[in-house]
file coords_11.tsv (TSV, C-alpha atoms)
chain	number	residue	atom	x	y	z
A	236	MET	CA	107.05	69.20	-24.18
A	237	ILE	CA	110.06	67.67	-22.46
A	238	PHE	CA	113.39	69.49	-22.61
A	239	LYS	CA	116.91	68.82	-21.44
A	240	ILE	CA	118.75	71.34	-19.30
A	241	ILE	CA	122.06	72.61	-20.59
A	242	PRO	CA	125.01	71.27	-18.53
A	243	SER	CA	126.02	74.60	-16.97
A	244	GLN	CA	122.48	75.12	-15.73
A	245	GLN	CA	122.33	71.57	-14.39
A	246	GLU	CA	125.08	72.65	-12.00
A	247	GLU	CA	123.08	75.72	-11.01
A	248	LEU	CA	120.01	73.61	-10.34
A	249	LYS	CA	122.00	71.06	-8.37
A	250	SER	CA	123.08	73.87	-6.08
A	251	LEU	CA	119.45	74.60	-5.25
A	252	PRO	CA	117.42	72.53	-2.78
A	253	GLU	CA	114.90	69.99	-3.99
A	254	THR	CA	111.20	70.62	-3.65
A	255	GLY	CA	110.63	66.92	-3.14
A	256	MET	CA	112.58	63.77	-3.70
A	257	GLY	CA	114.11	64.04	-7.16
A	258	TYR	CA	112.34	67.15	-8.36
A	259	GLN	CA	112.26	70.93	-8.10
A	260	PHE	CA	109.61	73.45	-8.92
A	261	ILE	CA	111.06	76.52	-10.55
A	262	GLN	CA	110.01	79.63	-12.37
A	263	ALA	CA	112.13	80.56	-15.37
A	264	LYS	CA	111.95	81.95	-18.85
A	265	PHE	CA	112.98	80.05	-21.92
A	266	LYS	CA	115.78	81.87	-23.70
A	267	GLU	CA	114.39	84.62	-25.94
A	268	GLU	CA	110.95	84.35	-24.41
A	269	TYR	CA	109.42	87.01	-22.21
A	270	VAL	CA	106.95	84.94	-20.27
A	271	GLN	CA	107.83	83.33	-16.97
A	272	ARG	CA	106.99	79.65	-16.99
A	273	GLU	CA	106.41	77.33	-14.12
A	274	LEU	CA	108.52	74.25	-14.66
A	275	ILE	CA	109.09	70.90	-13.04
A	276	VAL	CA	112.76	69.91	-13.01
A	277	LEU	CA	113.51	66.21	-12.73
A	278	ASN	CA	116.86	65.18	-11.35
A	279	ALA	CA	118.31	68.53	-12.48
A	280	GLU	CA	118.31	67.15	-16.04
A	281	LEU	CA	114.86	67.30	-17.59
A	282	ILE	CA	112.24	70.02	-17.58
A	283	VAL	CA	108.52	69.75	-18.09
A	284	ASP	CA	106.10	72.66	-18.26
A	285	ASN	CA	103.72	72.60	-15.32
A	286	ASP	CA	100.70	72.87	-17.61
A	287	PRO	CA	97.72	70.65	-18.45
A	288	GLN	CA	99.99	68.35	-20.50
A	289	LYS	CA	102.36	67.74	-17.59
A	290	GLU	CA	100.78	64.44	-16.59
A	291	ASP	CA	101.16	63.04	-20.10
A	292	ASN	CA	104.75	64.26	-20.26
A	293	LEU	CA	105.63	62.82	-16.86
A	294	LYS	CA	104.01	59.51	-17.76
A	295	ALA	CA	105.98	59.42	-21.01
A	296	ILE	CA	109.22	59.90	-19.09
A	297	PHE	CA	108.39	57.13	-16.66
A	298	LEU	CA	107.20	54.75	-19.37
A	299	GLU	CA	110.04	55.31	-21.81
A	300	GLY	CA	112.68	55.51	-19.14
A	301	PHE	CA	114.44	58.52	-17.73
A	302	GLY	CA	117.66	57.84	-19.60
A	303	PHE	CA	115.82	57.54	-22.90
A	304	SER	CA	114.14	60.89	-22.33
A	305	VAL	CA	117.47	62.50	-21.50
A	306	ARG	CA	119.01	61.13	-24.69
A	307	THR	CA	116.15	62.11	-26.98
A	308	SER	CA	115.13	65.53	-25.62
A	309	VAL	CA	116.48	68.78	-27.01
A	310	TYR	CA	118.34	71.30	-24.90
A	311	GLN	CA	116.55	74.35	-23.62
A	312	GLU	CA	118.44	77.23	-22.10
A	313	LEU	CA	116.72	78.91	-19.17
A	314	GLU	CA	116.88	82.46	-17.88
A	315	ASP	CA	115.96	83.98	-14.51
A	316	ILE	CA	115.76	80.68	-12.71
A	317	LYS	CA	113.97	80.96	-9.40
A	318	LEU	CA	113.20	78.11	-7.09
A	319	ILE	CA	109.62	78.22	-5.88
A	320	THR	CA	109.77	77.72	-2.15
A	321	GLY	CA	107.25	77.26	0.64
A	322	THR	CA	105.10	74.25	1.29
A	323	ALA	CA	101.97	75.98	0.10
A	324	SER	CA	103.58	77.59	-2.89
A	325	LEU	CA	102.87	74.81	-5.32
A	326	SER	CA	101.17	71.52	-5.57
A	327	ALA	CA	103.45	68.61	-4.91
A	328	PRO	CA	103.50	65.61	-7.24
A	329	THR	CA	101.52	62.63	-6.05
A	330	GLU	CA	102.94	59.14	-6.18
A	331	ALA	CA	101.61	58.74	-9.69
A	332	GLY	CA	103.44	61.82	-10.77
A	333	ALA	CA	100.22	63.76	-11.11
A	334	LEU	CA	99.93	67.26	-9.74
A	335	LEU	CA	97.20	68.87	-7.70
A	336	SER	CA	94.79	70.99	-9.64
A	337	SER	CA	93.40	74.48	-9.62
A	338	ALA	CA	89.99	74.86	-8.00
A	339	LYS	CA	88.15	74.99	-11.31
A	340	GLU	CA	89.71	71.68	-12.37
A	341	SER	CA	88.70	69.95	-9.14
A	342	PRO	CA	85.46	68.19	-8.21
A	343	VAL	CA	82.77	69.81	-6.09
A	344	ILE	CA	83.09	69.01	-2.40
A	345	TYR	CA	81.00	70.08	0.58
A	346	PRO	CA	82.12	71.85	3.74
A	347	ASP	CA	82.37	69.77	6.90
A	348	GLY	CA	80.90	72.53	9.03
A	349	GLN	CA	84.38	73.76	9.99
A	350	LEU	CA	85.33	75.42	6.72
A	351	TYR	CA	86.19	79.06	7.09
A	352	CYS	CA	87.05	81.08	4.01
A	353	VAL	CA	88.52	84.49	3.42
A	354	ARG	CA	88.18	86.61	0.33
A	355	LEU	CA	90.97	89.11	-0.14
A	356	SER	CA	90.37	92.30	-2.04
A	357	ALA	CA	91.72	95.71	-2.88
A	358	TYR	CA	88.15	96.97	-2.91
A	359	ASP	CA	86.13	98.05	0.09
A	360	ASP	CA	83.01	97.56	-2.04
A	361	ASP	CA	83.97	94.12	-3.37
A	362	ILE	CA	81.20	93.31	-5.80
A	363	ARG	CA	81.31	89.59	-5.09
A	364	ILE	CA	80.20	90.15	-1.51
A	365	ASP	CA	76.44	90.53	-1.37
A	366	LYS	CA	76.05	92.72	1.69
A	367	THR	CA	72.26	92.63	1.47
A	368	ASN	CA	72.04	88.88	1.89
A	369	ASN	CA	75.48	88.50	3.49
A	370	CYS	CA	76.80	85.88	1.11
A	371	LEU	CA	79.18	85.28	-1.76
A	372	LEU	CA	77.77	85.68	-5.25
A	373	PRO	CA	77.87	82.63	-7.55
A	374	GLY	CA	81.18	82.12	-9.31
A	375	SER	CA	83.36	83.69	-6.62
A	376	PHE	CA	86.77	82.71	-5.27
A	377	THR	CA	88.12	82.75	-1.73
A	378	THR	CA	91.08	81.26	0.04
A	379	THR	CA	90.93	79.24	3.25
A	380	LYS	CA	91.39	80.73	6.70
A	381	LYS	CA	94.49	78.62	7.22
A	382	ASP	CA	96.11	79.76	4.00
A	383	TYR	CA	95.21	83.38	4.74
A	384	GLU	CA	96.77	83.08	8.19
A	385	ASP	CA	99.86	81.41	6.72
A	386	CYS	CA	100.14	84.22	4.18
A	387	VAL	CA	99.85	86.89	6.87
A	388	ASN	CA	102.11	85.16	9.39
A	389	ALA	CA	104.81	84.47	6.80
A	390	LYS	CA	104.54	88.08	5.56
A	391	ASP	CA	103.98	86.61	2.12
A	392	ASP	CA	102.72	88.87	-0.64
A	393	PRO	CA	99.05	88.00	-1.33
A	394	VAL	CA	99.32	89.38	-4.86
A	395	GLU	CA	102.01	86.77	-5.59
A	396	ARG	CA	100.45	83.96	-3.58
A	397	TYR	CA	97.04	84.27	-5.19
A	398	ALA	CA	98.41	85.33	-8.63
A	399	LEU	CA	96.34	88.49	-8.72
A	400	PRO	CA	96.45	90.30	-12.03
A	401	ASN	CA	97.80	93.65	-10.96
A	402	GLY	CA	99.83	95.01	-8.11
A	403	GLN	CA	97.01	96.65	-6.19
A	404	LYS	CA	97.49	96.44	-2.46
A	405	ILE	CA	95.17	94.04	-0.69
A	406	ASP	CA	93.47	96.10	1.99
A	407	TRP	CA	90.46	94.01	2.88
A	408	ALA	CA	89.59	90.55	4.13
A	409	PHE	CA	86.02	89.30	3.86
A	410	HIS	CA	85.35	86.45	6.27
A	411	VAL	CA	82.92	83.79	5.08
A	412	LEU	CA	81.67	80.69	6.89
A	413	PRO	CA	80.00	78.51	4.26
A	414	ARG	CA	77.22	76.11	5.21
A	415	VAL	CA	77.52	72.37	4.65
A	416	LYS	CA	75.31	72.60	1.56
A	417	ASP	CA	77.53	75.26	-0.07
A	418	GLY	CA	79.43	73.08	-2.53
A	419	TYR	CA	82.81	74.37	-3.67
A	420	ARG	CA	85.89	73.35	-5.60
A	421	PHE	CA	89.21	73.37	-3.79
A	422	GLY	CA	92.60	73.73	-5.43
A	423	THR	CA	95.94	75.46	-5.69
A	424	VAL	CA	96.37	78.82	-7.39
A	425	LYS	CA	98.33	78.37	-10.61
A	426	PRO	CA	101.03	80.84	-11.60
A	427	GLU	CA	99.50	83.56	-13.73
A	428	PHE	CA	100.34	87.12	-14.84
A	429	GLY	CA	103.97	86.51	-13.90
A	430	LYS	CA	102.90	85.89	-10.31
A	431	ARG	CA	103.95	82.84	-8.34
A	432	GLY	CA	100.60	81.44	-7.19
A	433	GLY	CA	100.61	78.48	-4.84
A	434	GLY	CA	97.97	79.63	-2.37
A	435	GLU	CA	94.85	77.64	-1.64
A	436	GLU	CA	91.71	78.60	-3.51
A	437	CYS	CA	88.04	77.75	-3.12
A	438	PHE	CA	85.65	78.35	-5.99
A	439	PHE	CA	81.98	78.67	-5.09
A	440	GLU	CA	80.21	78.04	-8.36
A	441	THR	CA	76.79	78.62	-6.85
A	442	GLY	CA	77.88	81.13	-4.22
A	443	THR	CA	77.19	80.66	-0.51
A	444	SER	CA	74.03	80.65	1.57
A	445	PHE	CA	72.55	83.85	2.94
A	446	GLY	CA	74.14	84.87	6.21
A	447	THR	CA	77.52	83.23	5.54
A	448	PHE	CA	79.43	86.48	5.09
A	449	LYS	CA	80.34	87.32	8.66
A	450	LYS	CA	82.67	90.26	8.73
A	451	GLN	CA	84.90	92.60	6.76
A	452	THR	CA	88.23	93.44	8.35
A	453	ASP	CA	91.49	95.04	7.34
A	454	TYR	CA	93.90	92.66	5.65
A	455	GLY	CA	95.98	90.90	8.31
A	456	ILE	CA	93.22	90.72	10.91
A	457	PHE	CA	92.04	87.27	11.95
A	458	TYR	CA	88.40	86.61	12.77
A	459	PRO	CA	86.75	85.33	14.90
B	175	MET	CA	102.09	100.13	-18.97
B	176	THR	CA	98.41	99.71	-18.28
B	177	SER	CA	95.56	102.01	-17.46
B	178	GLN	CA	92.27	101.30	-15.74
B	179	PHE	CA	88.78	102.71	-15.95
B	180	LYS	CA	85.32	101.87	-14.73
B	181	ILE	CA	83.08	100.15	-17.21
B	182	PRO	CA	79.43	101.21	-17.69
B	183	GLU	CA	77.09	100.05	-14.94
B	184	LYS	CA	75.13	97.69	-17.18
B	185	PHE	CA	78.31	95.66	-17.77
B	186	VAL	CA	79.11	95.68	-14.05
B	187	HIS	CA	75.74	94.06	-13.40
B	188	GLN	CA	76.32	91.61	-16.23
B	189	LEU	CA	79.77	90.59	-14.99
B	190	ALA	CA	78.70	90.34	-11.34
B	191	LYS	CA	76.45	87.47	-12.42
B	192	LEU	CA	79.24	85.62	-14.21
B	193	PRO	CA	81.99	83.50	-12.64
B	194	GLU	CA	85.39	84.86	-11.76
B	195	SER	CA	88.60	83.67	-13.40
B	196	GLY	CA	90.48	84.06	-10.12
B	197	MET	CA	90.00	85.87	-6.82
B	198	GLY	CA	88.81	89.37	-7.73
B	199	TYR	CA	89.11	89.31	-11.49
B	200	GLN	CA	87.58	88.07	-14.73
B	201	LEU	CA	89.21	87.58	-18.11
B	202	VAL	CA	86.96	89.02	-20.80
B	203	LYS	CA	86.55	89.81	-24.47
B	204	ILE	CA	85.69	93.46	-25.14
B	205	PHE	CA	83.64	94.40	-28.20
B	206	LEU	CA	84.19	98.00	-29.29
B	207	SER	CA	81.87	100.21	-31.32
B	208	ASP	CA	84.37	100.32	-34.24
B	209	GLY	CA	84.16	96.54	-34.57
B	210	LYS	CA	87.44	95.74	-32.82
B	211	VAL	CA	87.55	92.94	-30.30
B	212	LEU	CA	90.05	93.04	-27.45
B	213	ARG	CA	90.86	89.58	-26.13
B	214	LYS	CA	91.87	88.40	-22.69
B	215	ARG	CA	91.44	91.71	-20.93
B	216	LYS	CA	91.22	91.80	-17.17
B	217	VAL	CA	88.28	93.24	-15.27
B	218	LEU	CA	88.86	93.77	-11.57
B	219	ASN	CA	86.01	93.60	-9.08
B	220	SER	CA	83.62	93.11	-12.05
B	221	SER	CA	83.91	96.84	-12.68
B	222	ILE	CA	87.43	98.07	-13.51
B	223	LEU	CA	88.80	97.32	-16.96
B	224	VAL	CA	92.57	97.09	-17.34
B	225	VAL	CA	93.88	97.96	-20.81
B	226	ASP	CA	97.23	98.71	-22.33
B	227	GLU	CA	97.93	102.45	-22.13
B	228	GLU	CA	98.43	102.75	-25.87
B	229	GLU	CA	95.01	101.30	-26.58
B	230	ASP	CA	93.44	104.62	-25.65
B	231	ILE	CA	89.83	103.52	-25.37
B	232	SER	CA	87.05	104.88	-23.24
B	233	SER	CA	84.07	103.26	-21.55
B	234	SER	CA	81.65	104.81	-24.08
B	235	GLU	CA	83.28	102.77	-26.86
B	236	ILE	CA	82.38	99.45	-25.23
B	237	GLU	CA	79.53	97.74	-27.01
B	238	GLY	CA	79.71	94.41	-25.29
B	239	ILE	CA	81.65	92.22	-22.88
B	240	GLU	CA	81.86	88.46	-22.77
B	241	LEU	CA	83.78	86.13	-20.52
B	242	GLU	CA	86.76	84.52	-22.19
B	243	GLN	CA	86.27	80.80	-22.37
B	244	PRO	CA	89.05	78.77	-20.74
B	245	GLU	CA	91.46	77.21	-23.25
call {"tool": "encode", "arguments": {"input": "coords_11.tsv", "output": "structure tokens"}}
result
Amino acid sequence: MIFKIIPSQQEELKSLPETGMGYQFIQAKFKEEYVQRELIVLNAELIVDNDPQKEDNLKAIFLEGFGFSVRTSVYQELEDIKLITGTASLSAPTEAGALLSSAKESPVIYPDGQLYCVRLSAYDDDIRIDKTNNCLLPGSFTTTKKDYEDCVNAKDDPVERYALPNGQKIDWAFHVLPRVKDGYRFGTVKPEFGKRGGGEECFFETGTSFGTFKKQTDYGIFYP
Amino acid sequence: MTSQFKIPEKFVHQLAKLPESGMGYQLVKIFLSDGKVLRKRKVLNSSILVVDEEEDISSSEIEGIELEQPE
């Protein structure tokens, strides 16, 4: 659905920096709704939900003309507007107006031999880590080393960045070096459970090879 | 408010074999012995069920668990 921003809130949005040329990523609630939505704001005038229909909505705006969409869309008042900041916080639109996907929506790719993943957990005995065979079980998520390091160095909150479902403190980092045959899907964490998302995620549908789990450290420790 | 409790071991083994919904959690359907079905509940670490406090259920009432299918 495409909505028009009420004039007073257009001014508010204009006072906030752009995420990219002509657009902003924000989190906000629709008036009288309780759920935080992730929204794409175009030219501080139109809003589109950042959901699976976003590409169709963005295409419709570009095909019908921006002015036409402004004239024909209904107003939607927003509450609790927050700009989503940070380069890794959200996927940026591509030239075609499409947005990067979550890992599960992305195709399987194979590590180049340099991929280094980190699984973050509140649990010392994380069930997804097979400590007998030293691998990740099938159907498990990690983030990348780079994104983990960015999260730590920026003192970002991993619960927000990886949209984890409750506020449990992340105490552990499980360091995994997948083999080149360990196919995975790479993407960006979508906002969920009222959390911001935006971190990088890797989904290992078939798990990783034996011997790929290298070490468990406290959260914040880099390895090797 | 939510509360959390450990699910019976047989379900832990079942969930450990199924894919995660995100890092460290799965979204599941819970089948209770009185016939009720709880939708879109979170299980952390394939073992800890998160429920609303007022739901007042215990692990012994769980008859079955299935992964929620993505919409």
call {"tool": "interface_residues", "arguments": {"input": "coords_11.tsv", "of": "chain A", "to": "chain B", "cutoff": "10 Å", "atoms": "only C-alpha atoms", "output": "PyMOL selection string"}}
result
chain A and resi 338-339+354-358+360-364+372-378+397-401+424-425+427+436-442
call {"tool": "closest_residue", "arguments": {"input": "coords_11.tsv", "among": "B:Lys214, B:Leu206, B:Met175, B:Gln243", "to": "B:Asp226", "atoms": "only C-alpha atoms"}}
result
B:Met175
call {"tool": "axis_aligned_box", "arguments": {"input": "coords_11.tsv", "around": "stretch 231-245 of chain B", "padding_each_side": "8 Å", "output": "JSON"}}
result
{"center_x": 85.5, "center_y": 91.0, "center_z": -23.8, "size_x": 27.9, "size_y": 43.7, "size_z": 22.5}
call {"tool": "atom_distance", "arguments": {"input": "coords_11.tsv", "atom1": "atom CA of A:Glu290", "atom2": "atom CA of A:Leu248"}}
result
22.2 Å
call {"tool": "atom_distance", "arguments": {"input": "coords_11.tsv", "atom1": "atom CA of A:Arg431", "atom2": "atom CA of A:Ile319"}}
result
7.7 Å
call {"tool": "closest_residue", "arguments": {"input": "coords_11.tsv", "among": "B:Lys210, B:Ser177, B:Lys184, B:Arg215", "to": "B:Glu242", "atoms": "only C-alpha atoms"}}
result
B:Arg215
call {"tool": "residues_around", "arguments": {"input": "coords_11.tsv", "residues": "A:Asn388", "least_positions_apart": "4", "cutoff": "9 Å", "atoms": "all atoms listed in the file", "output": "number ranges by chain"}}
result
A: 383-384, 455
call {"tool": "atom_distance", "arguments": {"input": "coords_11.tsv", "atom1": "atom CA of A:Val309", "atom2": "atom CA of A:Phe238"}}
result
5.4 Å
call {"tool": "residues_around", "arguments": {"input": "coords_11.tsv", "residues": "B:Ser207", "least_positions_apart": "2", "cutoff": "10 Å", "atoms": "all atoms listed in the file", "output": "PyMOL selection string"}}
result
chain B and resi 204-205+209-211+234-238
call {"tool": "decode", "arguments": {"input": "coords_11.tsv", "residues": "stretch 408-437 of chain A", "atoms": "N, CA and C atoms", "output": "compact mmCIF listing (two decimals), in the first residue's frame"}}
result
# COMPACT_ATOMS: atom_id res chain seq x y z
N ALA A 408 29.80 -15.98 21.59
CA ALA A 408 30.04 -15.94 20.14
C ALA A 408 30.64 -17.29 19.75
N PHE A 409 30.02 -17.92 18.76
CA PHE A 409 30.50 -19.21 18.26
C PHE A 409 31.11 -18.96 16.88
N HIS A 410 32.38 -19.24 16.76
CA HIS A 410 33.12 -18.89 15.54
C HIS A 410 33.18 -20.08 14.60
N VAL A 411 32.71 -19.85 13.37
CA VAL A 411 32.54 -20.94 12.40
C VAL A 411 33.24 -20.56 11.09
N LEU A 412 34.04 -21.46 10.59
CA LEU A 412 34.70 -21.24 9.29
C LEU A 412 34.17 -22.28 8.31
N PRO A 413 33.13 -21.93 7.55
CA PRO A 413 32.53 -22.91 6.64
C PRO A 413 33.49 -23.31 5.53
N ARG A 414 33.29 -24.51 5.03
CA ARG A 414 34.10 -24.97 3.88
C ARG A 414 33.43 -24.50 2.58
N VAL A 415 34.19 -24.58 1.49
CA VAL A 415 33.67 -24.07 0.21
C VAL A 415 32.42 -24.81 -0.26
N LYS A 416 32.22 -26.03 0.22
CA LYS A 416 31.04 -26.79 -0.20
C LYS A 416 29.81 -26.50 0.68
N ASP A 417 30.00 -25.70 1.73
CA ASP A 417 28.89 -25.43 2.66
C ASP A 417 28.02 -24.29 2.13
N GLY A 418 27.10 -24.63 1.26
CA GLY A 418 26.23 -23.62 0.66
C GLY A 418 25.43 -22.87 1.74
N TYR A 419 25.18 -21.60 1.48
CA TYR A 419 24.42 -20.80 2.44
C TYR A 419 23.67 -19.70 1.70
N ARG A 420 22.74 -19.10 2.38
CA ARG A 420 22.00 -17.97 1.82
C ARG A 420 22.37 -16.73 2.63
N PHE A 421 22.69 -15.67 1.92
CA PHE A 421 23.15 -14.45 2.58
C PHE A 421 22.10 -13.35 2.45
N GLY A 422 21.86 -12.62 3.51
CA GLY A 422 20.89 -11.53 3.41
C GLY A 422 21.00 -10.55 4.57
N THR A 423 20.00 -9.71 4.64
CA THR A 423 19.93 -8.67 5.67
C THR A 423 18.78 -8.99 6.62
N VAL A 424 19.05 -8.90 7.91
CA VAL A 424 18.02 -9.19 8.91
C VAL A 424 16.89 -8.17 8.79
N LYS A 425 15.68 -8.66 8.65
CA LYS A 425 14.51 -7.78 8.55
C LYS A 425 14.07 -7.36 9.95
N PRO A 426 13.48 -6.19 10.07
CA PRO A 426 12.92 -5.80 11.37
C PRO A 426 11.88 -6.84 11.82
N GLU A 427 11.91 -7.16 13.07
CA GLU A 427 10.99 -8.18 13.60
C GLU A 427 10.90 -7.97 15.10
N PHE A 428 9.77 -8.32 15.69
CA PHE A 428 9.57 -8.23 17.14
C PHE A 428 9.85 -6.82 17.67
N GLY A 429 9.58 -5.83 16.83
CA GLY A 429 9.84 -4.45 17.27
C GLY A 429 11.32 -4.10 17.32
N LYS A 430 12.15 -4.98 16.78
CA LYS A 430 13.60 -4.73 16.76
C LYS A 430 14.00 -4.25 15.36
N ARG A 431 15.09 -3.52 15.33
CA ARG A 431 15.48 -2.79 14.12
C ARG A 431 15.95 -3.69 12.97
N GLY A 432 16.70 -4.75 13.29
CA GLY A 432 17.30 -5.57 12.24
C GLY A 432 18.40 -4.81 11.53
N GLY A 433 18.75 -5.27 10.33
CA GLY A 433 19.74 -4.58 9.53
C GLY A 433 21.10 -5.24 9.52
N GLY A 434 21.33 -6.21 10.41
CA GLY A 434 22.61 -6.92 10.40
C GLY A 434 22.67 -7.89 9.23
N GLU A 435 23.85 -8.42 9.00
CA GLU A 435 24.00 -9.43 7.94
C GLU A 435 23.66 -10.79 8.53
N GLU A 436 23.03 -11.62 7.71
CA GLU A 436 22.71 -12.97 8.18
C GLU A 436 23.07 -14.00 7.12
N CYS A 437 23.50 -15.16 7.59
CA CYS A 437 23.82 -16.29 6.73
C CYS A 437 22.97 -17.46 7.22
